[in-house]
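The structure appears below as structure tokens.
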Amino acid sequence: MSLFQSGTQALQAVLAHCATNQSALRNEVILPAYGCPDLVTACLGAGLTPRFADILANGWGYCQSSLQSTLGPATLAVVAVDLLGLGDESPRLRSLIHDPDIALVQDSAQHLPRHPAPWSSDYQVFSFGRGKPLNLLGGGAATGVEQAQPEINAVSRRNLMQSRAGALLFNVATNPWLYGLASRLPGLGIGSTRYRLPQQLRAPSPGLAQQLAVALPNWRRYASYSVMAWQPYLTAWEALGIQVLRTSYCDTTPTEPLRLGLSAASTQLRDQLVAALCRAGLGASRLYGSALPQIDGVPSQLRSQGTYPAAEALATRLFTLPTHTGLTAREAEKADRIVRHIAGSIR
Ligand SMILES: Cc1ncc(COP(=O)(O)O)c(C=O)c1O
């Protein structure tokens, strides 16, 4: 596992690594057409071209036909994004990618597993930035790039060994059994909703390894997110046109999402709900306001690749609710009253 200044830089390093030993003609990275603009930043920072594929019409994940029509001889990698901890369907994606030269990258910036779980990708990316599951105010990590950035690894390794905590983490990261655990690390603004210009890769902050050494054992021990407070209301909300966002092959709500993702039947309903829930201090938020190619600042030449009806629809309907464990049953009940009132009056 290698440490980076941010999740964006970790993804950039992974994509640059994918390109090593590949023909320069393989220069396209497939991204979901809904998501964090940092995905575009990382591709461009690695000198590669983002190619967007639409998402599922009623759920999170790639639309199979859109993905398949985007795959081609220029495809270098497919990025499977775990939005809000809902999952990224990487096993399904793996079975759809038949070309062994195409890498599957799991971007797990929004989900940090608490327990070891098998990965089905070639690379995994994590973030420790603001709004991420383990918020260290910055930092990122990736697996699979150990050879790619020797100068960065050299720096982080030196920093690691400079303290006992660092030495501990270094041991954790290199112990064969624990390596598996550490390499599954993952990682408001669940990411910025503004496009940031690419930057050259730089070494992570010297304190990152030590911070992780302290934070990770606690991460394993204490649950910080739970959907439990919302569970009693979700079935009734679905009947009111407010669907819980899920991947296509999971019909249960994830138990520890970073936020609860909900898709309202219309933009009007979504906007009224967000406004009323915020007025009541219940922390509702929209997520990315448009399909990824249309986000402000994304280079204009990427806007004309196609249209992405499902991504555009999600951008106008998705909203999220907090899932931190401090959320009380009383707050959830108050939110439920607001939701019923507004959804009932709009129908
Ligand atoms: C899916 C995804 N990938 C990558 C990033 C970039 O992470 P960072 O903010 O650490 O650069 C984000 C940020 O929100 C993200 O949501």
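By order in the structure tokens, chains are A, B, ...; within a chain, residues start at 1; ligands start at 1, following the order shown.
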What's around Thr323 (chain A) at 7 Å? Count only C-alpha atoms, leave out sequence neighbours fewer than 3 positions away in its own chain, and write the answer as a PyMOL selection string.
chain A and resi 225-227+257-260+327
Grab the residues selected above and save them as a CSV table (one decimal), in the first residue's frame with C-alpha atoms.
chain,number,residue,atom,x,y,z
A,225,TYR,CA,-22.1,5.3,10.6
A,226,SER,CA,-25.3,3.4,10.8
A,227,VAL,CA,-28.5,3.4,8.8
A,257,PRO,CA,-23.2,4.0,4.3
A,258,LEU,CA,-21.4,7.3,4.6
A,259,ARG,CA,-24.7,9.0,3.9
A,260,LEU,CA,-28.1,7.6,3.1
A,327,LEU,CA,-28.2,10.7,14.9
Residues at most 10 Å from ligand 1, using only C-alpha atoms and all ligand atoms? Could they come as a VMD selection string?
chain A and resid 4 to 12 35 to 42 79 to 85 106 to 111 125 to 132 135 to 141 187 to 193 196
Deliver the residues from the most recent selection as a file, using N, CA and C atoms, as a compact mmCIF listing (two decimals), in the first residue's frame.
# COMPACT_ATOMS: atom_id res chain seq x y z
N PHE A 4 -0.50 8.76 -0.29
CA PHE A 4 -0.47 9.91 -1.19
C PHE A 4 -1.04 11.13 -0.49
N GLN A 5 -0.88 12.26 -1.17
CA GLN A 5 -1.37 13.51 -0.59
C GLN A 5 -2.89 13.56 -0.51
N SER A 6 -3.55 12.84 -1.40
CA SER A 6 -5.02 12.86 -1.45
C SER A 6 -5.50 11.62 -2.19
N GLY A 7 -6.81 11.40 -2.12
CA GLY A 7 -7.39 10.31 -2.89
C GLY A 7 -7.24 10.55 -4.38
N THR A 8 -7.35 11.82 -4.78
CA THR A 8 -7.20 12.16 -6.20
C THR A 8 -5.80 11.76 -6.69
N GLN A 9 -4.79 12.09 -5.87
CA GLN A 9 -3.42 11.75 -6.27
C GLN A 9 -3.22 10.24 -6.28
N ALA A 10 -3.86 9.54 -5.34
CA ALA A 10 -3.74 8.08 -5.32
C ALA A 10 -4.33 7.50 -6.61
N LEU A 11 -5.49 8.02 -7.03
CA LEU A 11 -6.11 7.51 -8.26
C LEU A 11 -5.25 7.87 -9.47
N GLN A 12 -4.72 9.06 -9.47
CA GLN A 12 -3.85 9.49 -10.57
C GLN A 12 -2.64 8.55 -10.69
N GLY A 35 -20.69 11.43 -10.66
CA GLY A 35 -19.70 11.20 -9.62
C GLY A 35 -18.85 12.42 -9.36
N CYS A 36 -17.85 12.20 -8.54
CA CYS A 36 -16.99 13.27 -8.07
C CYS A 36 -16.08 13.77 -9.21
N PRO A 37 -15.99 15.08 -9.42
CA PRO A 37 -15.14 15.58 -10.52
C PRO A 37 -13.66 15.28 -10.33
N ASP A 38 -13.27 14.89 -9.11
CA ASP A 38 -11.87 14.50 -8.90
C ASP A 38 -11.49 13.29 -9.76
N LEU A 39 -12.49 12.52 -10.18
CA LEU A 39 -12.21 11.37 -11.06
C LEU A 39 -11.62 11.87 -12.38
N VAL A 40 -12.19 12.96 -12.87
CA VAL A 40 -11.70 13.55 -14.14
C VAL A 40 -10.31 14.14 -13.92
N THR A 41 -10.16 14.84 -12.79
CA THR A 41 -8.85 15.45 -12.46
C THR A 41 -7.76 14.37 -12.48
N ALA A 42 -8.04 13.22 -11.85
CA ALA A 42 -7.03 12.17 -11.76
C ALA A 42 -6.67 11.62 -13.14
N VAL A 79 -12.98 2.40 -14.02
CA VAL A 79 -12.99 2.77 -12.60
C VAL A 79 -14.36 2.42 -12.02
N ALA A 80 -14.35 1.54 -11.02
CA ALA A 80 -15.58 1.16 -10.32
C ALA A 80 -15.66 2.04 -9.07
N VAL A 81 -16.67 2.86 -9.00
CA VAL A 81 -16.75 3.84 -7.91
C VAL A 81 -17.78 3.39 -6.88
N ASP A 82 -17.35 3.36 -5.63
CA ASP A 82 -18.27 3.04 -4.54
C ASP A 82 -18.88 4.35 -4.04
N LEU A 83 -20.08 4.66 -4.51
CA LEU A 83 -20.73 5.92 -4.11
C LEU A 83 -21.35 5.75 -2.74
N LEU A 84 -20.95 6.56 -1.79
CA LEU A 84 -21.54 6.61 -0.43
C LEU A 84 -21.44 5.29 0.33
N GLY A 85 -20.60 4.37 -0.16
CA GLY A 85 -20.52 3.07 0.52
C GLY A 85 -21.62 2.11 0.11
N GLN A 106 -10.80 -0.07 -8.30
CA GLN A 106 -11.89 0.24 -7.37
C GLN A 106 -11.57 1.54 -6.66
N ASP A 107 -12.40 2.55 -6.87
CA ASP A 107 -12.23 3.81 -6.15
C ASP A 107 -13.11 3.74 -4.91
N SER A 108 -12.46 3.51 -3.79
CA SER A 108 -13.19 3.33 -2.54
C SER A 108 -13.01 4.54 -1.63
N ALA A 109 -12.88 5.72 -2.24
CA ALA A 109 -12.70 6.94 -1.44
C ALA A 109 -13.85 7.15 -0.47
N GLN A 110 -15.04 6.69 -0.84
CA GLN A 110 -16.22 6.96 0.01
C GLN A 110 -16.59 5.76 0.88
N HIS A 111 -15.74 4.76 0.89
CA HIS A 111 -16.06 3.58 1.71
C HIS A 111 -14.78 2.95 2.26
N VAL A 125 -8.26 2.29 -4.34
CA VAL A 125 -7.91 3.67 -3.99
C VAL A 125 -8.73 4.10 -2.78
N PHE A 126 -8.09 4.81 -1.85
CA PHE A 126 -8.78 5.28 -0.64
C PHE A 126 -8.47 6.75 -0.39
N SER A 127 -9.37 7.40 0.34
CA SER A 127 -9.14 8.82 0.67
C SER A 127 -9.34 9.03 2.16
N PHE A 128 -8.54 9.92 2.71
CA PHE A 128 -8.70 10.30 4.13
C PHE A 128 -8.99 11.79 4.22
N GLY A 129 -9.67 12.29 3.20
CA GLY A 129 -9.99 13.72 3.15
C GLY A 129 -11.25 14.04 3.93
N ARG A 130 -11.59 15.32 3.92
CA ARG A 130 -12.80 15.79 4.61
C ARG A 130 -14.03 15.09 4.04
N GLY A 131 -14.92 14.74 4.93
CA GLY A 131 -16.18 14.12 4.49
C GLY A 131 -16.05 12.66 4.12
N LYS A 132 -14.85 12.11 4.25
CA LYS A 132 -14.67 10.69 3.93
C LYS A 132 -14.86 9.87 5.20
N ASN A 135 -11.80 10.56 8.35
CA ASN A 135 -11.42 11.93 7.99
C ASN A 135 -10.14 12.34 8.73
N LEU A 136 -9.04 12.40 8.00
CA LEU A 136 -7.78 12.88 8.58
C LEU A 136 -7.43 14.25 7.99
N LEU A 137 -8.42 14.90 7.42
CA LEU A 137 -8.28 16.22 6.79
C LEU A 137 -7.40 16.19 5.55
N GLY A 138 -7.12 15.00 5.06
CA GLY A 138 -6.33 14.92 3.83
C GLY A 138 -5.55 13.62 3.79
N GLY A 139 -5.18 13.21 2.59
CA GLY A 139 -4.38 12.00 2.44
C GLY A 139 -5.13 10.97 1.61
N GLY A 140 -4.35 10.10 1.01
CA GLY A 140 -4.94 9.03 0.21
C GLY A 140 -4.03 7.83 0.23
N ALA A 141 -4.54 6.71 -0.25
CA ALA A 141 -3.74 5.49 -0.30
C ALA A 141 -4.17 4.69 -1.52
N GLY A 187 -10.68 4.29 2.58
CA GLY A 187 -10.94 5.53 2.91
C GLY A 187 -12.32 5.66 2.78
N LEU A 188 -18.92 18.36 4.83
CA LEU A 188 -19.33 17.51 3.64
C LEU A 188 -18.76 18.17 2.53
N GLY A 189 -18.54 17.67 2.29
CA GLY A 189 -18.31 17.49 0.92
C GLY A 189 -17.77 16.14 0.73
N ILE A 190 -18.63 15.21 0.43
CA ILE A 190 -18.13 13.90 0.08
C ILE A 190 -17.40 14.14 -1.18
N GLY A 191 -16.41 14.83 -1.01
CA GLY A 191 -15.71 15.17 -2.18
C GLY A 191 -16.24 16.47 -2.68
N SER A 192 -15.36 17.13 -3.34
CA SER A 192 -15.75 18.42 -3.83
C SER A 192 -16.74 18.22 -4.97
N THR A 193 -17.58 19.21 -5.15
CA THR A 193 -18.47 19.17 -6.31
C THR A 193 -17.93 20.12 -7.36
N ARG A 196 -11.30 20.37 -9.96
CA ARG A 196 -9.99 20.93 -9.59
C ARG A 196 -8.98 20.56 -10.67
Write out as an MDAnalysis selection string the residues lying within 10 Å of region 238-252 of chain A, counting only C-alpha atoms and excluding same-chain residues fewer than 6 positions away.
chainID A and resid 56:63 82:89 92 260:266 269:270 314 317:320 339:340 342:344 346:347
Limited to C-alpha atoms, could you put the picked residues into a file as a compact mmCIF listing (two decimals), in the first residue's frame?
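Listed below is the output, result_36.txt:
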# COMPACT_ATOMS: atom_id res chain seq x y z
CA LEU A 56 -28.19 2.33 -14.10
CA ALA A 57 -31.60 3.89 -14.55
CA ASN A 58 -32.76 2.97 -11.05
CA GLY A 59 -29.75 2.34 -8.94
CA TRP A 60 -26.06 2.82 -8.52
CA GLY A 61 -23.60 1.14 -10.89
CA TYR A 62 -22.74 1.18 -14.59
CA CYS A 63 -25.45 0.62 -17.17
CA ASP A 82 -18.27 3.04 -4.54
CA LEU A 83 -20.73 5.92 -4.11
CA LEU A 84 -21.54 6.61 -0.43
CA GLY A 85 -20.52 3.07 0.52
CA LEU A 86 -23.30 1.46 -1.54
CA GLY A 87 -20.87 -0.86 -3.28
CA ASP A 88 -19.29 -0.68 -6.71
CA GLU A 89 -20.36 -3.92 -8.37
CA ARG A 92 -20.10 -7.84 -12.11
CA LEU A 260 -28.12 7.56 3.15
CA GLY A 261 -28.72 8.11 -0.57
CA LEU A 262 -32.35 8.71 -1.60
CA SER A 263 -33.79 9.40 -5.01
CA ALA A 264 -37.00 11.45 -5.09
CA ALA A 265 -39.65 10.97 -7.78
CA SER A 266 -39.11 14.54 -9.04
CA LEU A 269 -39.95 16.92 -4.39
CA ARG A 270 -36.19 16.56 -3.86
CA LEU A 314 -29.93 11.07 -10.65
CA ARG A 317 -33.28 13.70 -7.84
CA LEU A 318 -30.64 12.44 -5.45
CA PHE A 319 -30.36 13.74 -1.92
CA THR A 320 -28.65 12.36 1.13
CA VAL A 339 -41.03 13.80 4.52
CA ARG A 340 -44.61 12.56 4.84
CA ILE A 342 -44.08 17.30 1.89
CA ALA A 343 -44.37 14.13 -0.19
CA GLY A 344 -48.08 13.93 0.69
CA ILE A 346 -46.92 17.22 -3.70
CA ARG A 347 -48.69 14.04 -4.83
Could you tell me how far CA of Ala329 (chain A) sits from CA of Pro217 (chain A), in Å to one decimal place?
28.2 Å
Running DSSP on the backbone, which parts of region 36-161 of chain A land in strand (DSSP E), as a JSON list (two decimals) with N, CA and C atoms, in the first residue's frame?
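Generated file (states10.json):
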[["chain", "number", "residue", "atom", "x", "y", "z"],
["A", 49, "THR", "N", -7.43, 10.04, -21.08],
["A", 49, "THR", "CA", -8.70, 10.65, -21.48],
["A", 49, "THR", "C", -9.86, 9.96, -20.78],
["A", 50, "PRO", "N", -10.68, 10.71, -20.04],
["A", 50, "PRO", "CA", -11.87, 10.09, -19.45],
["A", 50, "PRO", "C", -12.89, 9.76, -20.54],
["A", 51, "ARG", "N", -13.52, 8.57, -20.46],
["A", 51, "ARG", "CA", -14.65, 8.22, -21.33],
["A", 51, "ARG", "C", -15.79, 7.89, -20.40],
["A", 52, "PHE", "N", -16.92, 8.56, -20.59],
["A", 52, "PHE", "CA", -18.01, 8.37, -19.64],
["A", 52, "PHE", "C", -18.97, 7.29, -20.11],
["A", 53, "ALA", "N", -19.46, 6.51, -19.16],
["A", 53, "ALA", "CA", -20.52, 5.54, -19.45],
["A", 53, "ALA", "C", -21.68, 5.86, -18.51],
["A", 75, "THR", "N", -9.35, 1.33, -24.50],
["A", 75, "THR", "CA", -9.64, 1.33, -23.06],
["A", 75, "THR", "C", -8.44, 0.81, -22.27],
["A", 76, "LEU", "N", -8.00, 1.63, -21.33],
["A", 76, "LEU", "CA", -6.89, 1.24, -20.47],
["A", 76, "LEU", "C", -7.42, 0.71, -19.14],
["A", 77, "ALA", "N", -8.46, 1.36, -18.62],
["A", 77, "ALA", "CA", -8.95, 0.98, -17.28],
["A", 77, "ALA", "C", -10.42, 1.35, -17.15],
["A", 78, "VAL", "N", -11.09, 0.60, -16.29],
["A", 78, "VAL", "CA", -12.47, 0.93, -15.90],
["A", 78, "VAL", "C", -12.41, 1.25, -14.41],
["A", 79, "VAL", "N", -12.98, 2.40, -14.02],
["A", 79, "VAL", "CA", -12.99, 2.77, -12.60],
["A", 79, "VAL", "C", -14.36, 2.42, -12.02],
["A", 80, "ALA", "N", -14.35, 1.54, -11.02],
["A", 80, "ALA", "CA", -15.58, 1.16, -10.32],
["A", 80, "ALA", "C", -15.66, 2.04, -9.07],
["A", 81, "VAL", "N", -16.67, 2.86, -9.00],
["A", 81, "VAL", "CA", -16.75, 3.84, -7.91],
["A", 81, "VAL", "C", -17.78, 3.39, -6.88],
["A", 103, "ALA", "N", -7.47, -2.74, -17.05],
["A", 103, "ALA", "CA", -7.40, -2.86, -15.58],
["A", 103, "ALA", "C", -8.73, -2.44, -14.96],
["A", 104, "LEU", "N", -9.08, -3.11, -13.86],
["A", 104, "LEU", "CA", -10.25, -2.70, -13.08],
["A", 104, "LEU", "C", -9.74, -2.02, -11.81],
["A", 105, "VAL", "N", -10.16, -0.78, -11.61],
["A", 105, "VAL", "CA", -9.71, 0.03, -10.47],
["A", 105, "VAL", "C", -10.91, 0.28, -9.57],
["A", 106, "GLN", "N", -10.80, -0.07, -8.30],
["A", 106, "GLN", "CA", -11.89, 0.24, -7.37],
["A", 106, "GLN", "C", -11.57, 1.54, -6.66],
["A", 107, "ASP", "N", -12.40, 2.55, -6.87],
["A", 107, "ASP", "CA", -12.23, 3.81, -6.15],
["A", 107, "ASP", "C", -13.11, 3.74, -4.91],
["A", 123, "TYR", "N", -6.52, -2.73, -8.64],
["A", 123, "TYR", "CA", -6.03, -1.63, -7.79],
["A", 123, "TYR", "C", -7.19, -1.15, -6.91],
["A", 124, "GLN", "N", -6.85, -0.66, -5.74],
["A", 124, "GLN", "CA", -7.87, -0.01, -4.88],
["A", 124, "GLN", "C", -7.34, 1.33, -4.41],
["A", 125, "VAL", "N", -8.26, 2.29, -4.34],
["A", 125, "VAL", "CA", -7.91, 3.67, -3.99],
["A", 125, "VAL", "C", -8.73, 4.10, -2.78],
["A", 126, "PHE", "N", -8.09, 4.81, -1.85],
["A", 126, "PHE", "CA", -8.78, 5.28, -0.64],
["A", 126, "PHE", "C", -8.47, 6.75, -0.39],
["A", 127, "SER", "N", -9.37, 7.40, 0.34],
["A", 127, "SER", "CA", -9.14, 8.82, 0.67],
["A", 127, "SER", "C", -9.34, 9.03, 2.16],
["A", 140, "GLY", "N", -4.35, 10.10, 1.01],
["A", 140, "GLY", "CA", -4.94, 9.03, 0.21],
["A", 140, "GLY", "C", -4.03, 7.83, 0.23],
["A", 141, "ALA", "N", -4.54, 6.71, -0.25],
["A", 141, "ALA", "CA", -3.74, 5.49, -0.30],
["A", 141, "ALA", "C", -4.17, 4.69, -1.52],
["A", 142, "ALA", "N", -3.27, 3.85, -1.99],
["A", 142, "ALA", "CA", -3.62, 2.97, -3.11],
["A", 142, "ALA", "C", -2.82, 1.68, -3.00],
["A", 143, "THR", "N", -3.40, 0.63, -3.48],
["A", 143, "THR", "CA", -2.66, -0.63, -3.57],
["A", 143, "THR", "C", -2.31, -0.87, -5.04]]
Give me the residues near Arg303 (chain A) as a list in words, where near means some atom within 10 Å (using only C-alpha atoms) and where sequence neighbours in that chain fewer than 2 positions away do not count.
Phe52, Ala291, Leu292, Pro293, Gln294, Ile295, Val298, Pro299, Ser300, Gln301, Gln305, Gly306 and Thr307 of chain A
Residues at most 10 Å from Gly47 (chain A), counting only C-alpha atoms, excluding those fewer than 4 positions away in the same chain, as a ChimeraX atom specification?
/A:12,15-16,19,27-28,41-43,198
How close does each residue of region 51-144 of chain A get to region 218-223 of chain A, giving the shortest atom pair and distance in Å to one decimal for every residue with an atom at most 12 Å away, counting only C-alpha atoms, sorted by chain and residue number, as CSV?
residue,atom,partner,partner_atom,distance
A:Leu112,CA,A:Trp219,CA,8.9
A:Pro113,CA,A:Arg220,CA,8.6
A:Arg114,CA,A:Arg220,CA,5.1
A:His115,CA,A:Arg220,CA,7.1
A:Pro116,CA,A:Arg220,CA,10.2
A:Pro133,CA,A:Trp219,CA,9.2
A:Leu134,CA,A:Trp219,CA,7.4
A:Asn135,CA,A:Trp219,CA,10.6
A:Leu136,CA,A:Trp219,CA,11.9
Write the residues you've just listed into a file as a PDB file, in the first residue's frame, and include N, CA and C atoms for each of them.
ATOM      1  N   LEU A 112     -14.702   2.852   3.547  1.00  0.00           N
ATOM      2  CA  LEU A 112     -13.554   2.213   4.191  1.00  0.00           C
ATOM      3  C   LEU A 112     -14.061   0.979   4.936  1.00  0.00           C
ATOM      4  N   PRO A 113     -13.835  -0.216   4.375  1.00  0.00           N
ATOM      5  CA  PRO A 113     -14.343  -1.404   5.065  1.00  0.00           C
ATOM      6  C   PRO A 113     -13.746  -1.521   6.463  1.00  0.00           C
ATOM      7  N   ARG A 114     -14.543  -2.041   7.378  1.00  0.00           N
ATOM      8  CA  ARG A 114     -14.020  -2.231   8.734  1.00  0.00           C
ATOM      9  C   ARG A 114     -13.354  -3.583   8.891  1.00  0.00           C
ATOM     10  N   HIS A 115     -13.718  -4.497   8.032  1.00  0.00           N
ATOM     11  CA  HIS A 115     -13.178  -5.854   8.158  1.00  0.00           C
ATOM     12  C   HIS A 115     -12.666  -6.323   6.804  1.00  0.00           C
ATOM     13  N   PRO A 116     -11.725  -7.242   6.826  1.00  0.00           N
ATOM     14  CA  PRO A 116     -11.186  -7.730   5.556  1.00  0.00           C
ATOM     15  C   PRO A 116     -12.293  -8.257   4.647  1.00  0.00           C
ATOM     16  N   PRO A 133     -15.003   8.541   5.051  1.00  0.00           N
ATOM     17  CA  PRO A 133     -15.309   7.746   6.243  1.00  0.00           C
ATOM     18  C   PRO A 133     -14.286   7.959   7.369  1.00  0.00           C
ATOM     19  N   LEU A 134     -13.021   7.925   7.034  1.00  0.00           N
ATOM     20  CA  LEU A 134     -11.983   8.185   8.036  1.00  0.00           C
ATOM     21  C   LEU A 134     -11.346   9.525   7.669  1.00  0.00           C
ATOM     22  N   ASN A 135     -11.799  10.564   8.354  1.00  0.00           N
ATOM     23  CA  ASN A 135     -11.417  11.931   7.987  1.00  0.00           C
ATOM     24  C   ASN A 135     -10.144  12.343   8.725  1.00  0.00           C
ATOM     25  N   LEU A 136      -9.038  12.403   8.004  1.00  0.00           N
ATOM     26  CA  LEU A 136      -7.777  12.880   8.584  1.00  0.00           C
ATOM     27  C   LEU A 136      -7.431  14.247   7.989  1.00  0.00           C
TER      28      LEU A 136
END
